[in-house]
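Asker: I have a structure I would like to understand better, so I am pasting it below and will then ask my questions one at a time.
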Amino acid sequence: MKALVTGANGFTGSHLVQALERQGNSVVGLVRKSSNLSRLSNRDTQLVYGDLTDRDALLTAMSGVDTVFHTAAYVELGLVNEVEMQRVNLEGTRAVMEVAQAVGVSKVVYCSTIGVFGDTGGKAVDETFKRTQTNFSSAYDRTKYQAQQVVDEFAAQGLPVVSLLPSGIFGSDDPHFGPVMQQFLKGRLKLWAGGDRITGIVHVDDLASAMMLAAEKGKPGEHYIISSGDLTTREMFEIFSRETGIRAPREAPKPLVRLAGNLLDPIGRLLKWQPPLSRERVHYVYDRCVRVDATKARQELGWQPRTVSETLLEIVKIMQADIKSV
């Protein structure tokens with residue numbers, strides 16, 4: 001198989017590239033000229049440089065390609081460039097679908113998010129759930145929901161596209177939660193907010209496996225939730241603490257966290273700085289809960305992921321070893 005991976009240099013994309021090459025596939029990676037390519041070192045990936053909305057670059061990248069894996073996205077909460085996020089997540093996805101349809105690729109696998117369901121109020125939902133939240137919690141929430149609508153429109157027109165909806169994506173090189181884990185493992189994380197917050201977890205390599213299975217077995221137009229399960233942040237740190245002997249961080253007082261978010265938000269906007277807390281981030285910690293059931297992916301794709309505990313313990317061991325080697 002010859003495959004195109006958009007966002008090949010990213011966290012998910014680079015792990016998918018590695019998995020594809022390990023199985024002997026030929027891989028093309030769409031990256032920007034400004035992209036950090038360190039994740040692709042020692043890979044045989046053919047690189048095509050271009051923006052996600054550059055249809056000429058997409059045509060070049062899809063030349064002779066069987067399967068397109070669309071993983072590229074602008075992922076961020078807090079203070080973001082909403083115009084750029086709309087361009088990347090929505091218009092970029094539209095461009096990928098248009099070109100894939102024009103060249104007639106055999107399969108498109110789109111990496112969406114469980115966030116498209118909106119706030120489920122703590123109820124675990126499956127792929128049949130219809131979003132009830134009428135507003136959007138963030139620009140990311142809005143643009144990924146709109147992008148999913150576009151993908152579904154192309155599926156209805158006959159494009160053989162399958163959508164995967166992953167929960168929180170974890171790995172030892174995770175650019176989002178990884179820095180937090182680094183601080184914890186060094187004994188520097190003394191406070192944390194939202195111990196009761198429920199987080200869905202999937203190992204990045206298990207997501208890559210699911211994407212490859214979707215390319216092989218996924219039914220066009222279908223959605224597949226990809227999650228190993230969920231647990232609270234408090235339970236997560238308890239697992240880390242038992243494994244490492246490092247004390248779990250104490251719970252920060254909720255009123256103080258909310259106050260900090262309200263104060264830092266306007267400061268961040270004024271200084272063009274991403275504060276550790278903002279109104280949007282606080283909202284995700286305390287006020288929004290999305291829970292999912294990934295039975296369909298296990299049954300229809302034959303997906304067999306690590307458990308949540310196995311995922312977290314593996315990450316801890318790798319990161320501990322990395323810290324000791326420095």
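We name chains A, B, ... following the order of the structure tokens; residues begin at 1 in each chain, and ligands are numbered from 1 as shown.
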May I have the residues within 7 Å of range 162-170 of chain A as a ChimeraX atom specification, using only C-alpha atoms and disregarding those fewer than 5 positions away in the same chain?

Answerer: /A:108-114,199-204,214,218-227

Asker: Mind checking which residues fall within 10 Å of Met62 in chain A, counting only C-alpha atoms, ignoring those fewer than 6 positions away in the same chain, and posting them as a VMD selection string?

Answerer: chain A and resid 2 to 5 28 to 30 48 56 68 96 99 to 100 103 to 105

Asker: Rank A:Arg94, A:Lys324, A:Arg131, A:Arg22 by their smallest atom-to-atom distance to Asp54 in chain A, using only C-alpha atoms, and report the top residue only.

Answerer: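 Ranked by minimum distance to Asp54 in chain A, first place goes to A:Arg94.
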
Asker: Which residues, written as a ChimeraX atom specification, have at least one atom at most 12 Å from Gly245 in chain A, with only C-alpha atoms counted and residues fewer than 4 positions away on the same chain left out?

Answerer: /A:184-187,237-241,316

Asker: Give me the residues near Gly302 in chain A as a count of residues only, where near means some atom within 12 Å (using only C-alpha atoms) and where sequence neighbours in that chain fewer than 2 positions away do not count.

Answerer: 21

Asker: Tell me which protein, DNA and RNA residues are within 8 Å of Trp192 in chain A, counting only C-alpha atoms, leaving out same-chain ones fewer than 2 positions away, and put them as a ChimeraX atom specification.

Answerer: /A:189-190,194-195,249-252

Asker: Of the candidates A:His176, A:Ala215, A:Ile198, A:Lys123, which shows the shortest atom-to-atom distance to Val161 in chain A, using only C-alpha atoms?

Answerer: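 Nearest candidate to Val161 in chain A out of A:His176, A:Ala215, A:Ile198, A:Lys123: A:Ala215.
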
Asker: So which residues touch Val31 in chain A within 12 Å, counting only C-alpha atoms, skipping near sequence neighbours fewer than 3 positions away, as a PyMOL selection string?

Answerer: chain A and resi 4-10+13-14+28+34-37+39-40+45-54+57-58+61+70-73

Asker: Restricting the output to C-alpha atoms, write the selected residues as a PDB file, in the first residue's frame.

Answerer:
```
ATOM      1  CA  LEU A   4      -0.388   9.635   2.453  1.00  0.00           C
ATOM      2  CA  VAL A   5      -0.275  10.914   6.027  1.00  0.00           C
ATOM      3  CA  THR A   6      -1.148  14.576   6.518  1.00  0.00           C
ATOM      4  CA  GLY A   7       0.585  16.058   9.538  1.00  0.00           C
ATOM      5  CA  ALA A   8       3.172  13.279   9.292  1.00  0.00           C
ATOM      6  CA  ASN A   9       5.576  15.121  11.611  1.00  0.00           C
ATOM      7  CA  GLY A  10       3.011  15.471  14.400  1.00  0.00           C
ATOM      8  CA  GLY A  13       1.045  11.305  12.404  1.00  0.00           C
ATOM      9  CA  SER A  14       4.623  10.287  13.191  1.00  0.00           C
ATOM     10  CA  VAL A  28       4.196  10.009   1.715  1.00  0.00           C
ATOM     11  CA  SER A  34       8.366  25.320   8.688  1.00  0.00           C
ATOM     12  CA  SER A  35       7.609  21.942  10.303  1.00  0.00           C
ATOM     13  CA  ASN A  36       9.896  20.380  12.879  1.00  0.00           C
ATOM     14  CA  LEU A  37      10.818  17.060  11.281  1.00  0.00           C
ATOM     15  CA  ARG A  39       9.905  12.927  14.745  1.00  0.00           C
ATOM     16  CA  LEU A  40      10.544  11.652  11.207  1.00  0.00           C
ATOM     17  CA  THR A  45       8.979   8.797   4.276  1.00  0.00           C
ATOM     18  CA  GLN A  46       8.727  10.736   1.026  1.00  0.00           C
ATOM     19  CA  LEU A  47       8.018  14.312   2.058  1.00  0.00           C
ATOM     20  CA  VAL A  48       5.802  16.720   0.143  1.00  0.00           C
ATOM     21  CA  TYR A  49       5.934  20.287   1.387  1.00  0.00           C
ATOM     22  CA  GLY A  50       2.777  22.324   1.361  1.00  0.00           C
ATOM     23  CA  ASP A  51      -0.040  23.812   3.370  1.00  0.00           C
ATOM     24  CA  LEU A  52      -3.094  21.720   4.152  1.00  0.00           C
ATOM     25  CA  THR A  53      -5.269  24.043   2.059  1.00  0.00           C
ATOM     26  CA  ASP A  54      -2.854  23.995  -0.908  1.00  0.00           C
ATOM     27  CA  ALA A  57       0.451  20.266  -2.976  1.00  0.00           C
ATOM     28  CA  LEU A  58      -2.300  17.822  -2.059  1.00  0.00           C
ATOM     29  CA  ALA A  61       1.080  14.235  -2.376  1.00  0.00           C
ATOM     30  CA  HIS A  70      -5.784  12.770   7.508  1.00  0.00           C
ATOM     31  CA  THR A  71      -4.285  13.434  10.953  1.00  0.00           C
ATOM     32  CA  ALA A  72      -3.198  17.073  10.614  1.00  0.00           C
ATOM     33  CA  ALA A  73      -5.005  19.518  12.907  1.00  0.00           C
TER      34      ALA A  73
END
```

Asker: Report, in Å to a single decimal, how far apart CA of Val282 in chain A and CA of Leu79 in chain A are.

Answerer: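 It comes out at 12.2 Å.
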
Asker: I'd like to know which of A:Trp273, A:Gly122, A:Gln183, A:Thr60 is closest to Asp293 in chain A, using only C-alpha atoms.

Answerer: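 Answer, going by the shortest atom-to-atom distance: A:Gly122.
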
Asker: One number please: CA of Lys107 in chain A to CA of Pro160 in chain A, in Å, one decimal.

Answerer: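 Interatomic distance here is 5.2 Å.
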
Asker: Could you name the residues that touch Asp205 in chain A at 8 Å or less, counting only C-alpha atoms, but leaving out those on the same chain fewer than 5 positions away, as a ChimeraX atom specification?

Answerer: /A:15-16,19,171

Asker: Write the residues of the preceding selection, restricted to N, CA and C atoms, as a JSON list (two decimals), in the first residue's frame.

Answerer:
```
[["chain", "number", "residue", "atom", "x", "y", "z"],
["A", 15, "HIS", "N", 3.69, 8.58, 14.67],
["A", 15, "HIS", "CA", 3.52, 7.21, 15.14],
["A", 15, "HIS", "C", 2.83, 6.36, 14.08],
["A", 16, "LEU", "N", 1.91, 6.97, 13.34],
["A", 16, "LEU", "CA", 1.24, 6.25, 12.25],
["A", 16, "LEU", "C", 2.24, 5.95, 11.14],
["A", 19, "ALA", "N", 4.31, 2.99, 12.13],
["A", 19, "ALA", "CA", 3.55, 1.74, 12.07],
["A", 19, "ALA", "C", 3.34, 1.29, 10.63],
["A", 171, "GLY", "N", 1.07, 9.16, 25.11],
["A", 171, "GLY", "CA", 2.32, 8.50, 24.72],
["A", 171, "GLY", "C", 3.46, 9.15, 25.45]]
```

Asker: Taking only C-alpha atoms into account, name the residue in A:Arg258, A:Ala147, A:Met236, A:Asp265 that is nearest to Thr311 in chain A.

Answerer: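 Residue with the minimum atom-to-atom distance to Thr311 in chain A: A:Met236.
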
Asker: Please extract the residues of range 40-109 of chain A with a backbone DSSP assignment of helix (DSSP H, G or I) and present them as a PyMOL selection string.

Answerer: chain A and resi 40+55-61+82-103

Asker: Calculated over only C-alpha atoms, which of the candidates A:Met1, A:Leu207, A:Ile323, A:Leu159 has the smallest distance to Ala102 in chain A?

Answerer: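 Checking each candidate against Ala102 in chain A, we get A:Leu159 as the closest.
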
Asker: Any chance you could list, as a list of chain:residue names, the residues in range 248-297 of chain A that come up strand (DSSP E) when DSSP is run on the backbone?

Answerer: A:Arg250, A:Glu251, A:Arg291, A:Val292
